[in-house]
$ cat start28.txt   # compact mmCIF, C-alpha atoms
# COMPACT_ATOMS: atom_id res chain seq x y z
CA MET I 1 -3.51 11.72 -14.65
CA TYR I 2 -3.39 10.62 -11.05
CA GLN I 3 -5.73 11.60 -8.26
CA ILE I 4 -4.04 13.21 -5.27
CA GLN I 5 -5.01 11.80 -1.91
CA THR I 6 -5.70 14.42 0.74
CA THR I 7 -5.74 12.28 3.86
CA THR I 8 -3.10 13.97 6.01
CA ALA I 9 -1.95 17.54 6.45
CA ASP I 10 -0.40 19.76 9.07
CA SER I 11 -2.74 22.04 11.04
CA ASP I 12 -2.41 25.11 8.77
CA ILE I 13 -3.08 23.12 5.64
CA ALA I 14 -5.91 21.25 7.33
CA LYS I 15 -7.58 24.55 8.28
CA VAL I 16 -7.51 25.81 4.69
CA LEU I 17 -8.72 22.49 3.34
CA ALA I 18 -11.55 22.52 5.89
CA SER I 19 -12.80 25.96 4.82
CA PRO I 20 -11.58 26.79 1.30
CA LYS I 21 -12.61 29.95 -0.55
CA PHE I 22 -13.96 27.73 -3.36
CA SER I 23 -14.53 24.07 -4.11
CA PRO I 24 -11.70 22.34 -5.95
CA GLY I 25 -13.83 19.50 -7.30
CA GLN I 26 -11.83 16.38 -8.17
CA ILE I 27 -8.10 16.93 -7.62
CA VAL I 28 -5.77 15.46 -10.23
CA ALA I 29 -2.17 15.87 -11.34
CA THR I 30 -0.12 15.04 -14.38
CA PRO I 31 2.82 12.66 -13.99
CA GLY I 32 5.19 15.54 -14.85
CA ALA I 33 3.79 17.75 -12.11
CA LEU I 34 4.02 14.96 -9.54
CA ALA I 35 7.63 14.24 -10.54
CA ALA I 36 8.57 17.93 -10.33
CA MET I 37 6.99 18.35 -6.90
CA GLU I 38 8.76 15.21 -5.66
CA GLU I 39 12.09 16.36 -7.13
CA HIS I 40 11.75 19.74 -5.39
CA GLN I 41 10.36 18.22 -2.18
CA CYS I 42 7.17 20.25 -2.49
CA SER I 43 3.96 18.82 -1.08
CA PRO I 44 0.94 19.02 -3.38
CA LEU I 45 -1.13 19.74 -0.26
CA THR I 46 0.88 22.89 0.39
CA LEU I 47 0.20 24.18 -3.12
CA LEU I 48 -3.44 23.12 -2.94
CA ALA I 49 -3.89 24.98 0.35
CA ARG I 50 -2.34 28.12 -1.16
CA HIS I 51 -4.59 27.86 -4.23
CA LEU I 52 -7.75 27.28 -2.18
CA SER I 53 -6.94 30.27 0.03
CA ALA I 54 -6.66 32.53 -3.07
CA ASP I 55 -2.87 32.81 -2.86
CA TRP I 56 -2.30 32.71 -6.61
CA GLY I 57 1.49 32.49 -6.38
CA VAL I 58 3.53 34.39 -8.94
CA LEU I 59 1.18 35.87 -11.55
CA PRO I 60 1.00 39.17 -13.39
CA ASN I 61 -1.32 41.58 -11.57
CA GLU I 62 -3.91 41.36 -14.37
CA ASP I 63 -4.13 37.57 -14.02
CA ALA I 64 -4.41 37.77 -10.24
CA GLN I 65 -7.24 40.30 -10.64
CA LEU I 66 -8.99 37.98 -13.12
CA ASN I 67 -8.78 35.22 -10.52
CA ASP I 68 -10.26 37.48 -7.85
CA GLU I 69 -13.14 38.33 -10.19
CA ALA I 70 -13.56 34.64 -11.12
CA LEU I 71 -14.13 33.80 -7.45
CA LYS I 72 -17.35 35.82 -7.70
CA SER I 73 -18.39 34.89 -11.23
CA ASP I 74 -17.43 31.21 -11.42
CA GLY I 75 -14.56 31.72 -13.85
CA ARG I 76 -11.49 29.54 -14.25
CA LEU I 77 -8.80 29.96 -11.58
CA LEU I 78 -5.06 29.72 -12.26
CA SER I 79 -2.22 29.73 -9.76
CA SER I 80 1.47 29.57 -10.65
CA TYR I 81 4.06 28.42 -8.13
CA PRO I 82 7.81 28.41 -8.81
CA LEU I 83 9.56 25.38 -7.32
CA GLY I 84 13.15 26.33 -8.09
CA GLY I 85 15.20 27.05 -11.16
CA ASP I 86 12.93 27.10 -14.19
CA THR I 87 10.46 24.64 -12.66
CA ARG I 88 6.95 25.93 -12.10
CA ILE I 89 3.66 24.24 -11.25
CA TRP I 90 0.31 25.54 -12.41
CA VAL I 91 -2.82 24.73 -10.44
CA ILE I 92 -5.97 25.25 -12.48
CA THR I 93 -9.54 24.96 -11.23
CA GLU I 94 -12.11 24.81 -14.02
CA TRP I 95 -14.87 27.42 -14.23
CA ASP I 96 -17.51 24.96 -13.00
CA ARG I 97 -15.30 23.86 -10.07
CA SER I 98 -15.51 20.25 -11.29
CA VAL I 99 -11.76 19.60 -11.29
CA THR I 100 -8.48 21.11 -10.11
CA THR I 101 -5.38 20.05 -12.02
CA PHE I 102 -1.70 20.26 -11.09
CA LEU I 103 0.48 20.49 -14.20
CA LYS I 104 3.68 21.92 -15.57
CA PRO I 105 3.19 24.82 -18.02
CA ASP I 106 4.61 22.76 -20.90
CA GLU I 107 1.88 20.15 -20.26
CA TYR I 108 -0.96 22.63 -20.85

$ encode --input "start28.txt" --output "C-alpha cells"
Amino acid sequence: MYQIQTTTADSDIAKVLASPKFSPGQIVATPGALAAMEEHQCSPLTLLARHLSADWGVLPNEDAQLNDEALKSDGRLLSSYPLGGDTRIWVITEWDRSVTTFLKPDEY
C-alpha cells in the first residue's frame, strides 16, 4: 500500500479537507486503486473530499443509511465511486478512524 500525499488541492477540496465530517486517520491506497484512478484521470483528493463530506457515492440506500449512523456511533464508513465502465473505487474508513483505504472492490 502507498500513502497518498495531500499537499495540494483546489479551493473546494481544500475546504472539505480543512473541516471534514470525520477524521480519516492515515490515508493509504492499493496499487490497483492508484492505477485505476490514474487511468481514469480521477484525483484521489477529489474522492477523499467527497468521502470526508459524507458523499458516499453510489451505494444502496441501506448502506448509505448505515454510513450516516456510523458517523454518530464510530462505525466503519464505505463509499463507492464509479470511475467509468466497470471500474469502481471503494474508500473505506475503519471504525476507529485509524486509516482510510482506497481500493478496488476485487482487492477487498

$ residues_around --input "start28.txt" --residues "stretch 78-85 of chain I" --least-positions-apart "2" --cutoff "9 Å" --atoms "only C-alpha atoms" --output "number ranges by chain"
I: 36-37, 40-42, 47, 50-51, 54-59, 63-64, 67, 76, 87-94, 105

$ write_last_selection --input "start28.txt" --atoms "C-alpha atoms" --output "PDB file, in the coordinates of the input"
ATOM      1  CA  ALA I  36       8.570  17.930 -10.330  1.00  0.00           C
ATOM      2  CA  MET I  37       6.990  18.350  -6.900  1.00  0.00           C
ATOM      3  CA  HIS I  40      11.750  19.740  -5.390  1.00  0.00           C
ATOM      4  CA  GLN I  41      10.360  18.220  -2.180  1.00  0.00           C
ATOM      5  CA  CYS I  42       7.170  20.250  -2.490  1.00  0.00           C
ATOM      6  CA  LEU I  47       0.200  24.180  -3.120  1.00  0.00           C
ATOM      7  CA  ARG I  50      -2.340  28.120  -1.160  1.00  0.00           C
ATOM      8  CA  HIS I  51      -4.590  27.860  -4.230  1.00  0.00           C
ATOM      9  CA  ALA I  54      -6.660  32.530  -3.070  1.00  0.00           C
ATOM     10  CA  ASP I  55      -2.870  32.810  -2.860  1.00  0.00           C
ATOM     11  CA  TRP I  56      -2.300  32.710  -6.610  1.00  0.00           C
ATOM     12  CA  GLY I  57       1.490  32.490  -6.380  1.00  0.00           C
ATOM     13  CA  VAL I  58       3.530  34.390  -8.940  1.00  0.00           C
ATOM     14  CA  LEU I  59       1.180  35.870 -11.550  1.00  0.00           C
ATOM     15  CA  ASP I  63      -4.130  37.570 -14.020  1.00  0.00           C
ATOM     16  CA  ALA I  64      -4.410  37.770 -10.240  1.00  0.00           C
ATOM     17  CA  ASN I  67      -8.780  35.220 -10.520  1.00  0.00           C
ATOM     18  CA  ARG I  76     -11.490  29.540 -14.250  1.00  0.00           C
ATOM     19  CA  THR I  87      10.460  24.640 -12.660  1.00  0.00           C
ATOM     20  CA  ARG I  88       6.950  25.930 -12.100  1.00  0.00           C
ATOM     21  CA  ILE I  89       3.660  24.240 -11.250  1.00  0.00           C
ATOM     22  CA  TRP I  90       0.310  25.540 -12.410  1.00  0.00           C
ATOM     23  CA  VAL I  91      -2.820  24.730 -10.440  1.00  0.00           C
ATOM     24  CA  ILE I  92      -5.970  25.250 -12.480  1.00  0.00           C
ATOM     25  CA  THR I  93      -9.540  24.960 -11.230  1.00  0.00           C
ATOM     26  CA  GLU I  94     -12.110  24.810 -14.020  1.00  0.00           C
ATOM     27  CA  PRO I 105       3.190  24.820 -18.020  1.00  0.00           C
TER      28      PRO I 105
END

$ atom_distance --input "start28.txt" --atom1 "atom CA of I:Asp96" --atom2 "atom CA of I:Leu45"
21.4 Å

$ atom_distance --input "start28.txt" --atom1 "atom CA of I:Thr46" --atom2 "atom CA of I:Ile27"
13.4 Å

$ axis_aligned_box --input "start28.txt" --around "stretch 41-54 of chain I" --padding-each-side "4 Å" --output "JSON"
{"center_x": 1.3, "center_y": 25.4, "center_z": -1.9, "size_x": 26.1, "size_y": 22.3, "size_z": 12.6}

$ closest_residue --input "start28.txt" --among "I:Glu62, I:Tyr108, I:Glu39, I:Leu77" --to "I:Ser23" --atoms "all atoms listed in the file"
I:Leu77

$ atom_distance --input "start28.txt" --atom1 "atom CA of I:Asp86" --atom2 "atom CA of I:Val99"
26.0 Å

$ residues_around --input "start28.txt" --residues "I:Leu52" --least-positions-apart "4" --cutoff "8 Å" --atoms "only C-alpha atoms" --output "PDB file with C-alpha atoms, keeping the file's coordinate frame"
ATOM      1  CA  VAL I  16      -7.510  25.810   4.690  1.00  0.00           C
ATOM      2  CA  LEU I  17      -8.720  22.490   3.340  1.00  0.00           C
ATOM      3  CA  PRO I  20     -11.580  26.790   1.300  1.00  0.00           C
ATOM      4  CA  LYS I  21     -12.610  29.950  -0.550  1.00  0.00           C
ATOM      5  CA  PHE I  22     -13.960  27.730  -3.360  1.00  0.00           C
ATOM      6  CA  SER I  23     -14.530  24.070  -4.110  1.00  0.00           C
ATOM      7  CA  PRO I  24     -11.700  22.340  -5.950  1.00  0.00           C
ATOM      8  CA  LEU I  48      -3.440  23.120  -2.940  1.00  0.00           C
TER       9      LEU I  48
END

$ closest_residue --input "start28.txt" --among "I:Trp95, I:Ile13, I:Ala35, I:Thr101" --to "I:Glu69" --atoms "all atoms listed in the file"
I:Trp95

$ closest_residue --input "start28.txt" --among "I:Ser73, I:Gln26, I:Ser19, I:Ser43" --to "I:Arg97" --atoms "only C-alpha atoms"
I:Gln26

$ decode --input "start28.txt" --residues "stretch 71-102 of chain I" --atoms "N, CA, C and O atoms" --output "PDB file, in the first residue's frame"
ATOM      1  N   LEU I  71     -21.479   7.578  11.404  1.00  0.00           N
ATOM      2  CA  LEU I  71     -20.875   8.873  11.732  1.00  0.00           C
ATOM      3  C   LEU I  71     -21.093   9.213  13.206  1.00  0.00           C
ATOM      4  O   LEU I  71     -20.253   9.853  13.834  1.00  0.00           O
ATOM      5  N   LYS I  72     -22.214   8.765  13.753  1.00  0.00           N
ATOM      6  CA  LYS I  72     -22.560   9.070  15.140  1.00  0.00           C
ATOM      7  C   LYS I  72     -22.050   8.014  16.114  1.00  0.00           C
ATOM      8  O   LYS I  72     -21.818   8.302  17.276  1.00  0.00           O
ATOM      9  N   SER I  73     -21.875   6.775  15.624  1.00  0.00           N
ATOM     10  CA  SER I  73     -21.546   5.676  16.527  1.00  0.00           C
ATOM     11  C   SER I  73     -20.169   5.080  16.274  1.00  0.00           C
ATOM     12  O   SER I  73     -19.871   3.997  16.753  1.00  0.00           O
ATOM     13  N   ASP I  74     -19.341   5.763  15.521  1.00  0.00           N
ATOM     14  CA  ASP I  74     -17.981   5.300  15.236  1.00  0.00           C
ATOM     15  C   ASP I  74     -17.943   3.955  14.518  1.00  0.00           C
ATOM     16  O   ASP I  74     -17.085   3.131  14.788  1.00  0.00           O
ATOM     17  N   GLY I  75     -18.831   3.745  13.580  1.00  0.00           N
ATOM     18  CA  GLY I  75     -18.796   2.538  12.767  1.00  0.00           C
ATOM     19  C   GLY I  75     -17.925   2.744  11.535  1.00  0.00           C
ATOM     20  O   GLY I  75     -17.469   3.852  11.243  1.00  0.00           O
ATOM     21  N   ARG I  76     -17.707   1.661  10.813  1.00  0.00           N
ATOM     22  CA  ARG I  76     -16.928   1.716   9.576  1.00  0.00           C
ATOM     23  C   ARG I  76     -17.706   2.483   8.513  1.00  0.00           C
ATOM     24  O   ARG I  76     -18.933   2.390   8.442  1.00  0.00           O
ATOM     25  N   LEU I  77     -16.993   3.227   7.674  1.00  0.00           N
ATOM     26  CA  LEU I  77     -17.608   4.031   6.619  1.00  0.00           C
ATOM     27  C   LEU I  77     -17.132   3.541   5.260  1.00  0.00           C
ATOM     28  O   LEU I  77     -15.934   3.348   5.051  1.00  0.00           O
ATOM     29  N   LEU I  78     -18.060   3.348   4.333  1.00  0.00           N
ATOM     30  CA  LEU I  78     -17.746   2.876   2.992  1.00  0.00           C
ATOM     31  C   LEU I  78     -18.364   3.800   1.962  1.00  0.00           C
ATOM     32  O   LEU I  78     -19.557   4.105   2.028  1.00  0.00           O
ATOM     33  N   SER I  79     -17.539   4.259   1.026  1.00  0.00           N
ATOM     34  CA  SER I  79     -18.027   4.999  -0.132  1.00  0.00           C
ATOM     35  C   SER I  79     -17.671   4.206  -1.372  1.00  0.00           C
ATOM     36  O   SER I  79     -16.678   3.468  -1.394  1.00  0.00           O
ATOM     37  N   SER I  80     -18.476   4.362  -2.416  1.00  0.00           N
ATOM     38  CA  SER I  80     -18.243   3.649  -3.671  1.00  0.00           C
ATOM     39  C   SER I  80     -18.415   4.629  -4.822  1.00  0.00           C
ATOM     40  O   SER I  80     -19.486   5.197  -5.002  1.00  0.00           O
ATOM     41  N   TYR I  81     -17.335   4.810  -5.591  1.00  0.00           N
ATOM     42  CA  TYR I  81     -17.339   5.798  -6.661  1.00  0.00           C
ATOM     43  C   TYR I  81     -17.038   5.134  -8.001  1.00  0.00           C
ATOM     44  O   TYR I  81     -15.941   4.592  -8.192  1.00  0.00           O
ATOM     45  N   PRO I  82     -17.991   5.169  -8.942  1.00  0.00           N
ATOM     46  CA  PRO I  82     -17.710   4.645 -10.283  1.00  0.00           C
ATOM     47  C   PRO I  82     -16.790   5.602 -11.034  1.00  0.00           C
ATOM     48  O   PRO I  82     -16.950   6.819 -10.959  1.00  0.00           O
ATOM     49  N   LEU I  83     -15.804   5.030 -11.736  1.00  0.00           N
ATOM     50  CA  LEU I  83     -14.863   5.849 -12.492  1.00  0.00           C
ATOM     51  C   LEU I  83     -15.133   5.801 -13.987  1.00  0.00           C
ATOM     52  O   LEU I  83     -14.645   6.640 -14.731  1.00  0.00           O
ATOM     53  N   GLY I  84     -15.883   4.825 -14.425  1.00  0.00           N
ATOM     54  CA  GLY I  84     -16.171   4.643 -15.841  1.00  0.00           C
ATOM     55  C   GLY I  84     -16.144   3.165 -16.177  1.00  0.00           C
ATOM     56  O   GLY I  84     -15.365   2.410 -15.593  1.00  0.00           O
ATOM     57  N   GLY I  85     -17.015   2.764 -17.080  1.00  0.00           N
ATOM     58  CA  GLY I  85     -17.104   1.350 -17.410  1.00  0.00           C
ATOM     59  C   GLY I  85     -17.445   0.545 -16.162  1.00  0.00           C
ATOM     60  O   GLY I  85     -18.320   0.930 -15.390  1.00  0.00           O
ATOM     61  N   ASP I  86     -16.733  -0.533 -15.956  1.00  0.00           N
ATOM     62  CA  ASP I  86     -16.942  -1.368 -14.768  1.00  0.00           C
ATOM     63  C   ASP I  86     -16.007  -0.998 -13.626  1.00  0.00           C
ATOM     64  O   ASP I  86     -15.993  -1.682 -12.603  1.00  0.00           O
ATOM     65  N   THR I  87     -15.234   0.056 -13.787  1.00  0.00           N
ATOM     66  CA  THR I  87     -14.242   0.419 -12.775  1.00  0.00           C
ATOM     67  C   THR I  87     -14.891   1.237 -11.667  1.00  0.00           C
ATOM     68  O   THR I  87     -15.608   2.194 -11.915  1.00  0.00           O
ATOM     69  N   ARG I  88     -14.606   0.825 -10.455  1.00  0.00           N
ATOM     70  CA  ARG I  88     -15.171   1.450  -9.259  1.00  0.00           C
ATOM     71  C   ARG I  88     -14.078   1.498  -8.203  1.00  0.00           C
ATOM     72  O   ARG I  88     -13.253   0.599  -8.113  1.00  0.00           O
ATOM     73  N   ILE I  89     -14.086   2.557  -7.408  1.00  0.00           N
ATOM     74  CA  ILE I  89     -13.160   2.678  -6.277  1.00  0.00           C
ATOM     75  C   ILE I  89     -13.973   2.717  -4.994  1.00  0.00           C
ATOM     76  O   ILE I  89     -14.955   3.459  -4.893  1.00  0.00           O
ATOM     77  N   TRP I  90     -13.556   1.898  -4.044  1.00  0.00           N
ATOM     78  CA  TRP I  90     -14.119   1.973  -2.703  1.00  0.00           C
ATOM     79  C   TRP I  90     -13.172   2.793  -1.840  1.00  0.00           C
ATOM     80  O   TRP I  90     -11.945   2.681  -1.955  1.00  0.00           O
ATOM     81  N   VAL I  91     -13.754   3.588  -0.966  1.00  0.00           N
ATOM     82  CA  VAL I  91     -12.992   4.310   0.055  1.00  0.00           C
ATOM     83  C   VAL I  91     -13.578   3.867   1.386  1.00  0.00           C
ATOM     84  O   VAL I  91     -14.776   4.042   1.638  1.00  0.00           O
ATOM     85  N   ILE I  92     -12.742   3.254   2.208  1.00  0.00           N
ATOM     86  CA  ILE I  92     -13.204   2.692   3.481  1.00  0.00           C
ATOM     87  C   ILE I  92     -12.429   3.326   4.628  1.00  0.00           C
ATOM     88  O   ILE I  92     -11.195   3.315   4.628  1.00  0.00           O
ATOM     89  N   THR I  93     -13.159   3.888   5.582  1.00  0.00           N
ATOM     90  CA  THR I  93     -12.557   4.386   6.815  1.00  0.00           C
ATOM     91  C   THR I  93     -12.931   3.418   7.927  1.00  0.00           C
ATOM     92  O   THR I  93     -14.115   3.109   8.118  1.00  0.00           O
ATOM     93  N   GLU I  94     -11.935   2.914   8.625  1.00  0.00           N
ATOM     94  CA  GLU I  94     -12.160   1.940   9.695  1.00  0.00           C
ATOM     95  C   GLU I  94     -12.945   2.554  10.856  1.00  0.00           C
ATOM     96  O   GLU I  94     -12.953   3.769  11.040  1.00  0.00           O
ATOM     97  N   TRP I  95     -13.585   1.710  11.610  1.00  0.00           N
ATOM     98  CA  TRP I  95     -14.481   2.130  12.694  1.00  0.00           C
ATOM     99  C   TRP I  95     -13.784   3.056  13.688  1.00  0.00           C
ATOM    100  O   TRP I  95     -14.405   3.964  14.232  1.00  0.00           O
ATOM    101  N   ASP I  96     -12.483   2.819  13.923  1.00  0.00           N
ATOM    102  CA  ASP I  96     -11.770   3.639  14.908  1.00  0.00           C
ATOM    103  C   ASP I  96     -11.115   4.872  14.289  1.00  0.00           C
ATOM    104  O   ASP I  96     -10.391   5.599  14.959  1.00  0.00           O
ATOM    105  N   ARG I  97     -11.388   5.091  12.986  1.00  0.00           N
ATOM    106  CA  ARG I  97     -10.881   6.247  12.237  1.00  0.00           C
ATOM    107  C   ARG I  97      -9.356   6.262  12.176  1.00  0.00           C
ATOM    108  O   ARG I  97      -8.739   7.307  12.015  1.00  0.00           O
ATOM    109  N   SER I  98      -8.735   5.090  12.276  1.00  0.00           N
ATOM    110  CA  SER I  98      -7.276   5.000  12.245  1.00  0.00           C
ATOM    111  C   SER I  98      -6.717   5.031  10.835  1.00  0.00           C
ATOM    112  O   SER I  98      -5.580   5.461  10.631  1.00  0.00           O
ATOM    113  N   VAL I  99      -7.489   4.581   9.857  1.00  0.00           N
ATOM    114  CA  VAL I  99      -6.995   4.516   8.484  1.00  0.00           C
ATOM    115  C   VAL I  99      -8.152   4.599   7.505  1.00  0.00           C
ATOM    116  O   VAL I  99      -9.257   4.111   7.779  1.00  0.00           O
ATOM    117  N   THR I 100      -7.892   5.249   6.378  1.00  0.00           N
ATOM    118  CA  THR I 100      -8.820   5.292   5.246  1.00  0.00           C
ATOM    119  C   THR I 100      -8.081   4.699   4.063  1.00  0.00           C
ATOM    120  O   THR I 100      -6.966   5.111   3.754  1.00  0.00           O
ATOM    121  N   THR I 101      -8.726   3.725   3.410  1.00  0.00           N
ATOM    122  CA  THR I 101      -8.091   2.991   2.321  1.00  0.00           C
ATOM    123  C   THR I 101      -8.858   3.164   1.026  1.00  0.00           C
ATOM    124  O   THR I 101     -10.077   3.014   1.006  1.00  0.00           O
ATOM    125  N   PHE I 102      -8.126   3.460  -0.044  1.00  0.00           N
ATOM    126  CA  PHE I 102      -8.665   3.443  -1.406  1.00  0.00           C
ATOM    127  C   PHE I 102      -8.340   2.069  -1.976  1.00  0.00           C
ATOM    128  O   PHE I 102      -7.182   1.638  -1.939  1.00  0.00           O
TER     129      PHE I 102
END
